[in-house]
Amino acid sequence: MTGEFAALGRLLGRLGPAAAGEVGAGDDAAVLAGGVVVAVDPVVEGVHFLRSLTTLADAGWKALARNVSDVAAMGAEPWCCVASVVGAAEDDLEHLYDGLLAAASHWSCPVVGGDLAAGPGLVLTVTALGRLPTGAGPLLRSGARPGDGVYVSAPLGRGAAGLRALRAGRGTGSPAAAWYARPAPSVEVARAARSAGATAAIDISDGLVQDLDHLGVASGVGFRLDDVPVAEGATQEDALHGGDEYHLAFCCPDPTAGGPEVPGIRIGTCTADPGERTFRGAPVTVAGGWEHTL
């Protein structure tokens, strides 16, 4: 068995370079000619959702939400999507699409096609397309610079706390459980961060520290975290390492006088030491976030 990130690293080595002006594999999404952003993510029964905890409509919502979060992390606006469903009975398909279409309406990202296939397990895969503003480049993981502030779009930890509450039978009325079932990515914050001059961004899906490590490696910077806001019902550990966030982490220079305010919550600073990973002055482990075992 091997970890997801090691496997991805080997596959990246087999892919050719992106065409001039485009962005290939290795970021939150690909960027094609004309500023079209492409993201793809599956939800797999037993891995990304359990029917005993959430509904199939919730799984349909989450399948698009995960992709919208990746599109937003690139600084793009959701545009449209296609969906492929494997292993769904007829009634299951209807329920999945209840949630998928609700999410498509919420983010003005219509479902424009897809496919169906039989299979041994239920998998819904959504490919979402986004569009960059005219004349604008994407927000990449590789653009952060020493001295940039590190920001998050909201208090963190709701995904991990929500899953824990649902497993304990305490999901009713829990904001964290509601977020776990139907996350709402930070499209508006991503838009405002771009306007404020953000240099780099990443979707937080596998844990803040682990995802910031990806950004730090891509940019060649370290990070010094001073404080990380904790969502209601969550712990500091959830906020640092919990998955299923679908919030945004981004880097931005200090705002200039009279310029736009930086949105979100500042949690630290990028440093010139590419190996630095600290929280409140002490080294923080990168391990502890979510990683698939293949």
# chains A, B, ... in the order shown; residues from 1 in each chain; ligands from 1
call {"tool": "select_by_dssp", "arguments": {"residues": "stretch 174-250 of chain A", "states": "strand (DSSP E or B)", "output": "ChimeraX atom specification"}}
result
/A:200-204,222-225,230,247-250
call {"tool": "write_last_selection", "arguments": {"atoms": "C-alpha atoms", "output": "compact mmCIF listing (two decimals), in the first residue's frame"}}
result
# COMPACT_ATOMS: atom_id res chain seq x y z
CA ALA A 200 -1.33 32.16 -3.49
CA ALA A 201 -4.28 30.05 -2.35
CA ILE A 202 -5.28 26.48 -1.59
CA ASP A 203 -8.50 24.67 -0.76
CA ILE A 204 -8.41 23.23 2.79
CA GLY A 222 7.89 28.50 5.41
CA PHE A 223 5.04 29.57 7.61
CA ARG A 224 4.75 30.78 11.17
CA LEU A 225 1.22 30.47 12.53
CA VAL A 230 -11.62 27.30 16.04
CA HIS A 247 -12.52 26.67 3.32
CA LEU A 248 -9.75 28.71 1.75
CA ALA A 249 -6.21 29.36 2.96
CA PHE A 250 -4.41 32.14 1.11
call {"tool": "residues_around", "arguments": {"residues": "stretch 136-142 of chain A", "least_positions_apart": "5", "cutoff": "7 Å", "atoms": "only C-alpha atoms", "output": "PDB file with C-alpha atoms, in the first residue's frame"}}
result
ATOM      1  CA  ASP A  27      -2.488  22.600  -8.192  1.00  0.00           C
ATOM      2  CA  ALA A  73      -9.037  28.403  -4.715  1.00  0.00           C
ATOM      3  CA  MET A  74      -7.794  29.144  -8.237  1.00  0.00           C
ATOM      4  CA  GLY A  75      -9.485  32.542  -8.124  1.00  0.00           C
ATOM      5  CA  THR A 199      -0.440  35.823  -4.104  1.00  0.00           C
ATOM      6  CA  ALA A 200      -1.333  32.156  -3.487  1.00  0.00           C
ATOM      7  CA  ALA A 201      -4.283  30.049  -2.350  1.00  0.00           C
ATOM      8  CA  ILE A 202      -5.282  26.481  -1.589  1.00  0.00           C
ATOM      9  CA  LEU A 215       1.472  25.579  -0.605  1.00  0.00           C
ATOM     10  CA  ALA A 218       5.200  24.910  -4.083  1.00  0.00           C
ATOM     11  CA  SER A 219       6.165  28.499  -3.149  1.00  0.00           C
TER      12      SER A 219
END
call {"tool": "closest_residue", "arguments": {"among": "A:Leu12, A:Ala160, A:Ala192, A:Val47", "to": "A:Ala59", "atoms": "only C-alpha atoms"}}
result
A:Val47
call {"tool": "select_by_dssp", "arguments": {"residues": "stretch 34-271 of chain A", "states": "alpha helix (DSSP H)", "output": "number ranges by chain"}}
result
A: 56-73, 90-106, 158-167, 175-181, 187-195, 208-219, 236-241
call {"tool": "residues_around", "arguments": {"residues": "stretch 115-126 of chain A", "least_positions_apart": "2", "cutoff": "12 Å", "atoms": "only C-alpha atoms", "output": "PyMOL selection string"}}
result
chain A and resi 38-51+56-68+70+80-90+92-93+95-97+99-101+103-104+109-113+128-129
call {"tool": "closest_residue", "arguments": {"among": "A:Asp91, A:Asp28, A:Glu261, A:Asp254", "to": "A:Pro146", "atoms": "only C-alpha atoms"}}
result
A:Asp254
call {"tool": "residues_around", "arguments": {"residues": "A:Val31", "least_positions_apart": "3", "cutoff": "9 Å", "atoms": "only C-alpha atoms", "output": "ChimeraX atom specification"}}
result
/A:21-24,34-38,74,138
call {"tool": "residues_around", "arguments": {"residues": "A:Ala168", "least_positions_apart": "4", "cutoff": "12 Å", "atoms": "only C-alpha atoms", "output": "ChimeraX atom specification"}}
result
/A:52-53,161-164,172,174,177
call {"tool": "residues_around", "arguments": {"residues": "A:Pro274", "least_positions_apart": "3", "cutoff": "7 Å", "atoms": "only C-alpha atoms", "output": "number ranges by chain"}}
result
A: 216, 220-222
call {"tool": "decode", "arguments": {"residues": "stretch 124-151 of chain A", "atoms": "N, CA and C atoms", "output": "PDB file, in the first residue's frame"}}
result
ATOM      1  N   LEU A 124     -20.008   8.978  -7.127  1.00  0.00           N
ATOM      2  CA  LEU A 124     -20.452  10.136  -7.903  1.00  0.00           C
ATOM      3  C   LEU A 124     -19.234  11.022  -8.136  1.00  0.00           C
ATOM      4  N   THR A 125     -18.877  11.206  -9.394  1.00  0.00           N
ATOM      5  CA  THR A 125     -17.726  12.035  -9.757  1.00  0.00           C
ATOM      6  C   THR A 125     -18.214  13.258 -10.505  1.00  0.00           C
ATOM      7  N   VAL A 126     -17.829  14.424 -10.026  1.00  0.00           N
ATOM      8  CA  VAL A 126     -18.210  15.683 -10.660  1.00  0.00           C
ATOM      9  C   VAL A 126     -16.959  16.363 -11.204  1.00  0.00           C
ATOM     10  N   THR A 127     -17.054  16.819 -12.433  1.00  0.00           N
ATOM     11  CA  THR A 127     -16.029  17.680 -13.025  1.00  0.00           C
ATOM     12  C   THR A 127     -16.639  19.064 -13.180  1.00  0.00           C
ATOM     13  N   ALA A 128     -16.034  20.032 -12.510  1.00  0.00           N
ATOM     14  CA  ALA A 128     -16.560  21.399 -12.549  1.00  0.00           C
ATOM     15  C   ALA A 128     -15.642  22.287 -13.374  1.00  0.00           C
ATOM     16  N   LEU A 129     -16.247  23.174 -14.127  1.00  0.00           N
ATOM     17  CA  LEU A 129     -15.511  24.176 -14.892  1.00  0.00           C
ATOM     18  C   LEU A 129     -15.737  25.544 -14.258  1.00  0.00           C
ATOM     19  N   GLY A 130     -14.679  26.331 -14.245  1.00  0.00           N
ATOM     20  CA  GLY A 130     -14.780  27.700 -13.772  1.00  0.00           C
ATOM     21  C   GLY A 130     -14.186  28.639 -14.802  1.00  0.00           C
ATOM     22  N   ARG A 131     -14.405  29.932 -14.611  1.00  0.00           N
ATOM     23  CA  ARG A 131     -13.839  30.934 -15.520  1.00  0.00           C
ATOM     24  C   ARG A 131     -13.127  32.001 -14.712  1.00  0.00           C
ATOM     25  N   LEU A 132     -11.910  32.325 -15.133  1.00  0.00           N
ATOM     26  CA  LEU A 132     -11.167  33.416 -14.519  1.00  0.00           C
ATOM     27  C   LEU A 132     -11.687  34.750 -15.041  1.00  0.00           C
ATOM     28  N   PRO A 133     -11.598  35.788 -14.234  1.00  0.00           N
ATOM     29  CA  PRO A 133     -11.983  37.112 -14.736  1.00  0.00           C
ATOM     30  C   PRO A 133     -11.143  37.479 -15.964  1.00  0.00           C
ATOM     31  N   THR A 134     -11.739  38.216 -16.871  1.00  0.00           N
ATOM     32  CA  THR A 134     -11.056  38.599 -18.109  1.00  0.00           C
ATOM     33  C   THR A 134      -9.710  39.261 -17.809  1.00  0.00           C
ATOM     34  N   GLY A 135      -8.678  38.727 -18.415  1.00  0.00           N
ATOM     35  CA  GLY A 135      -7.342  39.286 -18.259  1.00  0.00           C
ATOM     36  C   GLY A 135      -6.618  38.903 -16.991  1.00  0.00           C
ATOM     37  N   ALA A 136      -7.244  38.100 -16.131  1.00  0.00           N
ATOM     38  CA  ALA A 136      -6.628  37.742 -14.848  1.00  0.00           C
ATOM     39  C   ALA A 136      -5.995  36.360 -14.935  1.00  0.00           C
ATOM     40  N   GLY A 137      -4.890  36.187 -14.241  1.00  0.00           N
ATOM     41  CA  GLY A 137      -4.280  34.879 -14.110  1.00  0.00           C
ATOM     42  C   GLY A 137      -4.836  34.147 -12.905  1.00  0.00           C
ATOM     43  N   PRO A 138      -4.551  32.865 -12.779  1.00  0.00           N
ATOM     44  CA  PRO A 138      -5.068  32.087 -11.651  1.00  0.00           C
ATOM     45  C   PRO A 138      -4.289  32.355 -10.377  1.00  0.00           C
ATOM     46  N   LEU A 139      -4.914  32.066  -9.248  1.00  0.00           N
ATOM     47  CA  LEU A 139      -4.208  31.997  -7.975  1.00  0.00           C
ATOM     48  C   LEU A 139      -3.602  30.603  -7.861  1.00  0.00           C
ATOM     49  N   LEU A 140      -2.301  30.524  -7.761  1.00  0.00           N
ATOM     50  CA  LEU A 140      -1.618  29.237  -7.687  1.00  0.00           C
ATOM     51  C   LEU A 140      -1.075  29.000  -6.282  1.00  0.00           C
ATOM     52  N   ARG A 141      -0.701  27.766  -6.014  1.00  0.00           N
ATOM     53  CA  ARG A 141      -0.049  27.456  -4.744  1.00  0.00           C
ATOM     54  C   ARG A 141       1.369  28.018  -4.697  1.00  0.00           C
ATOM     55  N   SER A 142       1.922  28.354  -5.835  1.00  0.00           N
ATOM     56  CA  SER A 142       3.344  28.667  -5.939  1.00  0.00           C
ATOM     57  C   SER A 142       3.675  30.149  -5.863  1.00  0.00           C
ATOM     58  N   GLY A 143       2.716  31.024  -5.557  1.00  0.00           N
ATOM     59  CA  GLY A 143       2.972  32.451  -5.642  1.00  0.00           C
ATOM     60  C   GLY A 143       3.295  33.153  -4.341  1.00  0.00           C
ATOM     61  N   ALA A 144       3.266  32.440  -3.203  1.00  0.00           N
ATOM     62  CA  ALA A 144       3.490  33.099  -1.913  1.00  0.00           C
ATOM     63  C   ALA A 144       4.933  33.570  -1.782  1.00  0.00           C
ATOM     64  N   ARG A 145       5.130  34.654  -1.010  1.00  0.00           N
ATOM     65  CA  ARG A 145       6.460  35.237  -0.821  1.00  0.00           C
ATOM     66  C   ARG A 145       6.705  35.494   0.665  1.00  0.00           C
ATOM     67  N   PRO A 146       7.976  35.421   1.098  1.00  0.00           N
ATOM     68  CA  PRO A 146       8.268  35.748   2.498  1.00  0.00           C
ATOM     69  C   PRO A 146       7.697  37.112   2.875  1.00  0.00           C
ATOM     70  N   GLY A 147       7.084  37.174   4.038  1.00  0.00           N
ATOM     71  CA  GLY A 147       6.462  38.415   4.504  1.00  0.00           C
ATOM     72  C   GLY A 147       4.979  38.490   4.225  1.00  0.00           C
ATOM     73  N   ASP A 148       4.472  37.684   3.293  1.00  0.00           N
ATOM     74  CA  ASP A 148       3.023  37.659   3.060  1.00  0.00           C
ATOM     75  C   ASP A 148       2.304  37.180   4.316  1.00  0.00           C
ATOM     76  N   GLY A 149       1.139  37.751   4.566  1.00  0.00           N
ATOM     77  CA  GLY A 149       0.291  37.224   5.623  1.00  0.00           C
ATOM     78  C   GLY A 149      -0.378  35.938   5.179  1.00  0.00           C
ATOM     79  N   VAL A 150      -0.649  35.053   6.131  1.00  0.00           N
ATOM     80  CA  VAL A 150      -1.394  33.813   5.875  1.00  0.00           C
ATOM     81  C   VAL A 150      -2.787  33.998   6.468  1.00  0.00           C
ATOM     82  N   TYR A 151      -3.800  33.728   5.660  1.00  0.00           N
ATOM     83  CA  TYR A 151      -5.189  33.948   6.053  1.00  0.00           C
ATOM     84  C   TYR A 151      -6.020  32.689   5.826  1.00  0.00           C
TER      85      TYR A 151
END
